[in-house]
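**Student:** This is the structure I want to talk about, given as structure tokens.
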Amino acid sequence: MLKAGVVGIGKMGLSHCAILRAHSDIGSLAVCDTSGFLLSGIKKYTDFSCYTDYKKMIKENKLDCLFISTPSKFHKEIILFALQNNINVFCEKPLTLSHEDSEEVSELAEARGLVTQVGYHNKFIGTFQAVKRFLDAALIGDVYHINGSAYGPVVINEEGETWRSDPKEGGGCLLDYAAHVVDLMIYMVDMPEKVSGTILKKVYSKKVEDAVYSNLFYANGMTGQLSVNWSEETYRKMTTKIEILGKRGKIVSDAQECQVYLKDQSPCGKFEKGWNSFWITDQTEPVWFNLRGEEYSAQIDCFVKRVVEKNSAGVNSFKNSLKTDKVISMLQNDGAGGKA
Amino acid sequence: MDKVIFGDNQFFGVNHLSEEKARQQMKKFKDIKNILRVLDDVNDMGIKTFMVTTYESVEQICDHVRINSDQYKDFKINPCLPYAHKYANSVAAMGIFGTLKKYLKGNIVQSISKGGVALARKDFEKIMEILIDAELSIFKGVTVEAVFLQNVVTDLLLGLGMFDFFEAFVRYVENRYKVRAGFITMNMPMLYDVLESRGISNPVICSSINKINFRMSGGIEQYKTYLAEKEFHAIAMQVLAAGALRPKEAMEFIGSLEGVDSVLFGSSTKEHILDTKLLIEQYL
């Protein structure tokens, strides 16, 4: 049985706690937050050990793994402290606020042989996993263009200030919504060599961008476009979509539905000429406990199993997530030249 | 509780299979008249229970039912709370304190606002009661048979082990509103065991139950055992597995199970609603 710790018990932290407590490989849970109100609720109603100082929590508990879901600006120092104490780390995205910092923590984790993972949960959604399988099998031939988008209603008016509205704290749509899309696009087709014409657009926020638009250029001549907006109230919740065009067909997928268009019937005969549709209902592996969606349980189960097996190689390891941080830096630099 | 229960996902843009379809439905039902027209049809064809999330337009639905009380005699509206996206979006925009300040009033907010304040158990339960009262106030004068806790909250509390809230919820709803308390969950067997261990007998549990094991955590075999052997009012939802199953096949399966008491479904056309109703009555 593993001992797990969670730092930061906001929306994601609470969700992690619930899933971890329900996991059969987790024996006990320690949590840390600076909010007295939240912590007093946890103390009264659960059997978790509660702390306001994460260093104290790590020192007093022989933790096997730590989950970090604090505001992004605290990620680096907490990760470093955990790794220095030989604790495996699951960190919410973005890994850190710069790809240099991400490189530093990634190298330390590698040197110590620790298991790491970043909370890019889209890769645990059945439809997106199906897209990856189709691409690996070259189902649509040579890919020449990819569109990635995410829209949703996070900042839909000018009221309210949280850490998400402060650039120094890691706020803004690029590090929040767009990080997920960038990561998913890298998973599908690798990272671009160059980005250009990046627009970091303020809609309601005063200090951070609410939308990110950019053109992506890849080594093999492939191109891509990124379109992300968290001030989009025509969407009920965050909706992420990938569209990939190949010479033999096209794939369009969101978290519910994956559609494949083929110019010809596939050689294996499994896919027809024209449109083929797949739904999440066909593509979802059951989970032991479901809170808000299978992917959140699946990503934690993946991490916990890797910790048990001491397997440091994983799809969302710090090392693999570095590419995402690099592209985010490219977008930041490019966007800084053409501020909207 | 009725066998046939009509649900509301289609009215506010929830479709578990297609985002595009969800948006089309959202456009169609933007005009409350289109929702009320469907409800009139539902009521006319003899479906007398409507389960709703407490989103903004429910107030107009309640007004319609109150104004046309003769036509809507015996019609029950069972609220499912909270409408989590409302709070989740608010938390993202203004933080947990900001959200509590927005939705709560009175002394508790003042003590929370001071920050770092350790609240007593009764304070947390009071916060829950205030939120329940706020959400249920729009249902005044409408017949309510049960009040449900949404799966996001049920399953969060279940995972965290905050079982005292289940007891507090049941106690408050039953004592204050004199109606049954119900739970929506994606983890039915796990929830049942907890409720039983807390002495909550014969609970109302609404969970995904379908032929293809979709969103049935614990697995279909365990679901079958619990339905057959445990004592609770079982409402099956997602019986069509978000549209992956054909209605007849789906309902045949539900009928083959021992222990399903009601079926919750949603649809936006009169023809589909009537077909599904007849299938439920045929097989259940």
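Residues are named by chain letter and number: chains run A, B, ... in the order of the structure tokens, numbers start at 1 in each chain, and ligands are numbered from 1 in the order shown.
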Could you list, as a list in words, every residue within 10 Å of Asn320 (chain A), counting only C-alpha atoms and ignoring same-chain residues fewer than 5 positions away?
**Tutor:** Ser106, Thr116, Gln117, Val118, Asp183, Ile186, Tyr187, Ala313, Gly314, Val315 and Asp325 of chain A
**Student:** Distance cut-off 7 Å, counting only C-alpha atoms - which residues of chain A neighbour chain B? Return them as a list of chain:residue names.
**Tutor:**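 On the chain A side, the interface is A:Ser15, A:Cys17, A:Ala18, A:Ile19, A:Arg21, A:Ala22, A:Ser35, A:Gly36, A:Phe37, A:Ser40, A:Lys44, A:Tyr45, A:Thr46, A:Val154, A:Val155, A:Gly160, A:Glu161, A:Thr162, A:Gln256, A:Glu257, A:Trp279, A:Thr281, A:Pro286, A:Val287, A:Trp288, A:Phe289, A:Asn290, A:Leu291, A:Arg292.
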**Student:** Any idea what's packed within 12 Å of Arg37 (chain B), counting only C-alpha atoms, ignoring anything in its chain fewer than 5 positions away? Could you give it as JSON, numbers by chain?
**Tutor:** {"B": [11, 28, 29, 31, 32, 42, 43, 44, 61, 64, 65, 268, 269, 270]}
**Student:** Find the distance between CA of Lys48 (chain B) and CA of Ser69 (chain B) and write it in Å to one decimal.
**Tutor:**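 Result for CA of Lys48 (chain B) versus CA of Ser69 (chain B): 12.8 Å, one decimal.
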**Student:** Can you list, as a PDB file with all heavy atoms, in the first residue's frame, every protein, DNA or RNA residue that comes within 8 Å of Gly10 (chain A) when you count only C-alpha atoms, leaving out same-chain residues fewer than 2 positions away?
**Tutor:**
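The resulting file, around-v1.pdb, is reproduced below:
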```pdb
ATOM      1  N   GLY A   8      -2.419  21.372  -2.292  1.00  0.00           N
ATOM      2  CA  GLY A   8      -3.355  22.238  -3.020  1.00  0.00           C
ATOM      3  C   GLY A   8      -4.682  21.519  -3.226  1.00  0.00           C
ATOM      4  O   GLY A   8      -4.792  20.656  -4.087  1.00  0.00           O
ATOM      5  N   MET A  12      -9.091  20.541  -8.683  1.00  0.00           N
ATOM      6  CA  MET A  12      -8.346  19.348  -9.108  1.00  0.00           C
ATOM      7  C   MET A  12      -7.816  18.574  -7.914  1.00  0.00           C
ATOM      8  O   MET A  12      -7.839  17.345  -7.904  1.00  0.00           O
ATOM      9  CB  MET A  12      -7.184  19.734 -10.037  1.00  0.00           C
ATOM     10  CG  MET A  12      -7.573  20.105 -11.440  1.00  0.00           C
ATOM     11  SD  MET A  12      -8.807  19.043 -12.197  1.00  0.00           S
ATOM     12  CE  MET A  12      -7.926  17.483 -12.307  1.00  0.00           C
ATOM     13  N   GLY A  13      -7.344  19.285  -6.895  1.00  0.00           N
ATOM     14  CA  GLY A  13      -6.797  18.608  -5.723  1.00  0.00           C
ATOM     15  C   GLY A  13      -7.840  17.752  -5.026  1.00  0.00           C
ATOM     16  O   GLY A  13      -7.580  16.602  -4.663  1.00  0.00           O
ATOM     17  N   LEU A  14      -9.045  18.292  -4.858  1.00  0.00           N
ATOM     18  CA  LEU A  14     -10.127  17.521  -4.224  1.00  0.00           C
ATOM     19  C   LEU A  14     -10.465  16.296  -5.062  1.00  0.00           C
ATOM     20  O   LEU A  14     -10.686  15.202  -4.534  1.00  0.00           O
ATOM     21  CB  LEU A  14     -11.384  18.394  -4.084  1.00  0.00           C
ATOM     22  CG  LEU A  14     -11.452  19.308  -2.867  1.00  0.00           C
ATOM     23  CD1 LEU A  14     -12.723  20.148  -2.939  1.00  0.00           C
ATOM     24  CD2 LEU A  14     -11.433  18.515  -1.571  1.00  0.00           C
ATOM     25  N   SER A  69      -1.272  20.238  -6.983  1.00  0.00           N
ATOM     26  CA  SER A  69      -2.363  20.933  -7.683  1.00  0.00           C
ATOM     27  C   SER A  69      -2.534  22.325  -7.084  1.00  0.00           C
ATOM     28  O   SER A  69      -3.641  22.768  -6.794  1.00  0.00           O
ATOM     29  CB  SER A  69      -3.657  20.117  -7.599  1.00  0.00           C
ATOM     30  OG  SER A  69      -3.820  19.554  -6.315  1.00  0.00           O
ATOM     31  N   THR A  70      -1.418  22.987  -6.906  1.00  0.00           N
ATOM     32  CA  THR A  70      -1.402  24.363  -6.397  1.00  0.00           C
ATOM     33  C   THR A  70      -1.452  25.318  -7.596  1.00  0.00           C
ATOM     34  O   THR A  70      -1.316  24.872  -8.736  1.00  0.00           O
ATOM     35  CB  THR A  70      -0.069  24.624  -5.671  1.00  0.00           C
ATOM     36  OG1 THR A  70       0.993  24.441  -6.625  1.00  0.00           O
ATOM     37  CG2 THR A  70       0.147  23.670  -4.515  1.00  0.00           C
TER      38      THR A  70
END
```
**Student:** Please extract the residues of region 112-292 of chain A with a backbone DSSP assignment of strand (DSSP E) and present them as a PyMOL selection string.
**Tutor:** chain A and resi 116-118+143-151+194-201+211-217+223-229+239-246+249-253+257-262+274-279
**Student:** Could you give me, as number ranges by chain, the residues within 8 Å of Tyr235 (chain A), counting only C-alpha atoms and dropping anything in the same chain fewer than 2 positions from it?
**Tutor:** A: 151-153, 232-233, 237-239
**Student:** To one decimal in Å, tell me the separation between CA of Lys248 (chain B) and CA of Lys76 (chain B).
**Tutor:**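 Separation of CA of Lys248 (chain B) and CA of Lys76 (chain B): 26.6 Å.
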